[in-house]
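Structure record follows, encoded as structure tokens.
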Amino acid sequence: MNKVILMGRLTRDPEVRYSQGESATAVARYTLAVDRRFNRNGDENTADFINCVAFGRAGEFAEKYFRKGIKIAVTGRIQTGSYTNKDGVKVYTTDVVIEEQEFAESKNSASSGDSGYAGGNRPEPAAAGDGFMNIPDGIDEELPFN
């Protein structure tokens with residue numbers, strides 16, 4: 001089985017090209033900075049920089065909505081390859097071919113630079129007018145689930 005699940009931040013805006021031919025297909029390339037869970041040398045933050053490629057509608061989505069610094073979650077598969085560069089040296093590549101991709105934080109927390117809940121603190125409830133209906137107090141007892 002070849003399955004990859006990653007969450008990280010884009011290091012730059014996706015680079016999108018379209019294939020030649022009758023039905024041009026979008027090919028989006030981007031790099032995810034994925035934090036390492038454990039640090040060997042006691043470094044503050046270490047990350048792996050993982051190359052990703054999304055084809056077709058996933059590539060179009062990346063072109064339209066993804067920007068440098070946003071946090072996304074992706075699933076896909078690892079694909080290796082090689083080519084010979086202009087100097088005659090064989091170069092080996094490893095990419096994650098994207099099958100699914102989605103935002104991993106709200107737009108508000110992305111723009112404020114908040115990368116998550118620090119120390120278990122949760123954000124305050126959104127004020128009225130955020131597009132959600134206010135639930136009256138005391139209704140909890142009437143709900144069929146908790």
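Every chain in the structure tokens has a letter given in the order shown (A, B, ...), and although residue numbers restart at 1 in each chain, ligands are simply numbered from 1 in the order shown.
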Write out as a PDB file with all heavy atoms, in the first residue's frame each polymer residue whose atoms come within 9 Å of Lys3 in chain A, counting only C-alpha atoms; drop sequence neighbours fewer than 4 positions from it.
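result.pdb, freshly written:
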```pdb
ATOM      1  N   THR A  75      -3.723  14.057   1.209  1.00  0.00           N
ATOM      2  CA  THR A  75      -3.477  12.622   1.134  1.00  0.00           C
ATOM      3  C   THR A  75      -3.066  12.325  -0.295  1.00  0.00           C
ATOM      4  O   THR A  75      -3.475  13.014  -1.235  1.00  0.00           O
ATOM      5  CB  THR A  75      -4.706  11.773   1.503  1.00  0.00           C
ATOM      6  OG1 THR A  75      -5.762  12.076   0.611  1.00  0.00           O
ATOM      7  CG2 THR A  75      -5.155  12.025   2.925  1.00  0.00           C
ATOM      8  N   GLY A  76      -2.258  11.306  -0.448  1.00  0.00           N
ATOM      9  CA  GLY A  76      -1.792  10.958  -1.780  1.00  0.00           C
ATOM     10  C   GLY A  76      -0.905   9.737  -1.738  1.00  0.00           C
ATOM     11  O   GLY A  76      -0.977   8.927  -0.808  1.00  0.00           O
ATOM     12  N   ARG A  77      -0.044   9.636  -2.746  1.00  0.00           N
ATOM     13  CA  ARG A  77       0.877   8.502  -2.831  1.00  0.00           C
ATOM     14  C   ARG A  77       2.246   9.016  -3.218  1.00  0.00           C
ATOM     15  O   ARG A  77       2.383  10.037  -3.887  1.00  0.00           O
ATOM     16  CB  ARG A  77       0.385   7.483  -3.851  1.00  0.00           C
ATOM     17  CG  ARG A  77       0.276   8.026  -5.261  1.00  0.00           C
ATOM     18  CD  ARG A  77      -0.322   7.001  -6.225  1.00  0.00           C
ATOM     19  NE  ARG A  77      -0.659   7.617  -7.477  1.00  0.00           N
ATOM     20  CZ  ARG A  77       0.200   7.868  -8.460  1.00  0.00           C
ATOM     21  NH1 ARG A  77       1.464   7.543  -8.317  1.00  0.00           N
ATOM     22  NH2 ARG A  77      -0.186   8.434  -9.572  1.00  0.00           N
ATOM     23  N   ILE A  78       3.276   8.310  -2.790  1.00  0.00           N
ATOM     24  CA  ILE A  78       4.639   8.680  -3.139  1.00  0.00           C
ATOM     25  C   ILE A  78       4.960   8.140  -4.522  1.00  0.00           C
ATOM     26  O   ILE A  78       4.642   6.992  -4.839  1.00  0.00           O
ATOM     27  CB  ILE A  78       5.645   8.134  -2.113  1.00  0.00           C
ATOM     28  CG1 ILE A  78       5.452   8.858  -0.785  1.00  0.00           C
ATOM     29  CG2 ILE A  78       7.076   8.296  -2.605  1.00  0.00           C
ATOM     30  CD1 ILE A  78       6.356   8.384   0.315  1.00  0.00           C
TER      31      ILE A  78
END
```
Selection near Ile98 in chain A, 10 Å with only C-alpha atoms, sequence-local residues under 6 positions removed, as an MDAnalysis selection string: chainID A and resid 4:5 28:29 52:55 58:59 74:78
So which one's closest to Phe103 in chain A, A:Val91, A:Lys71, A:Gly81, A:Thr46? Using only C-alpha atoms, please.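 Result for the nearest residue to Phe103 in chain A: A:Lys71.
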Using only C-alpha atoms, pick whichever of A:Thr31, A:Arg67, A:Ala26, A:Asn2 has the shortest atom-to-atom distance to Thr80 in chain A. A:Asn2
May I ask for the distance between CA of Ser106 in chain A and CA of Phe66 in chain A, given in Å to one decimal place?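 Spanning CA of Ser106 in chain A to CA of Phe66 in chain A is a straight-line distance of 13.0 Å.
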In Å to one decimal, how far is CA of Ser19 in chain A from CA of Gly56 in chain A?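 Result for CA of Gly56 in chain A versus CA of Ser19 in chain A: 9.8 Å, one decimal.
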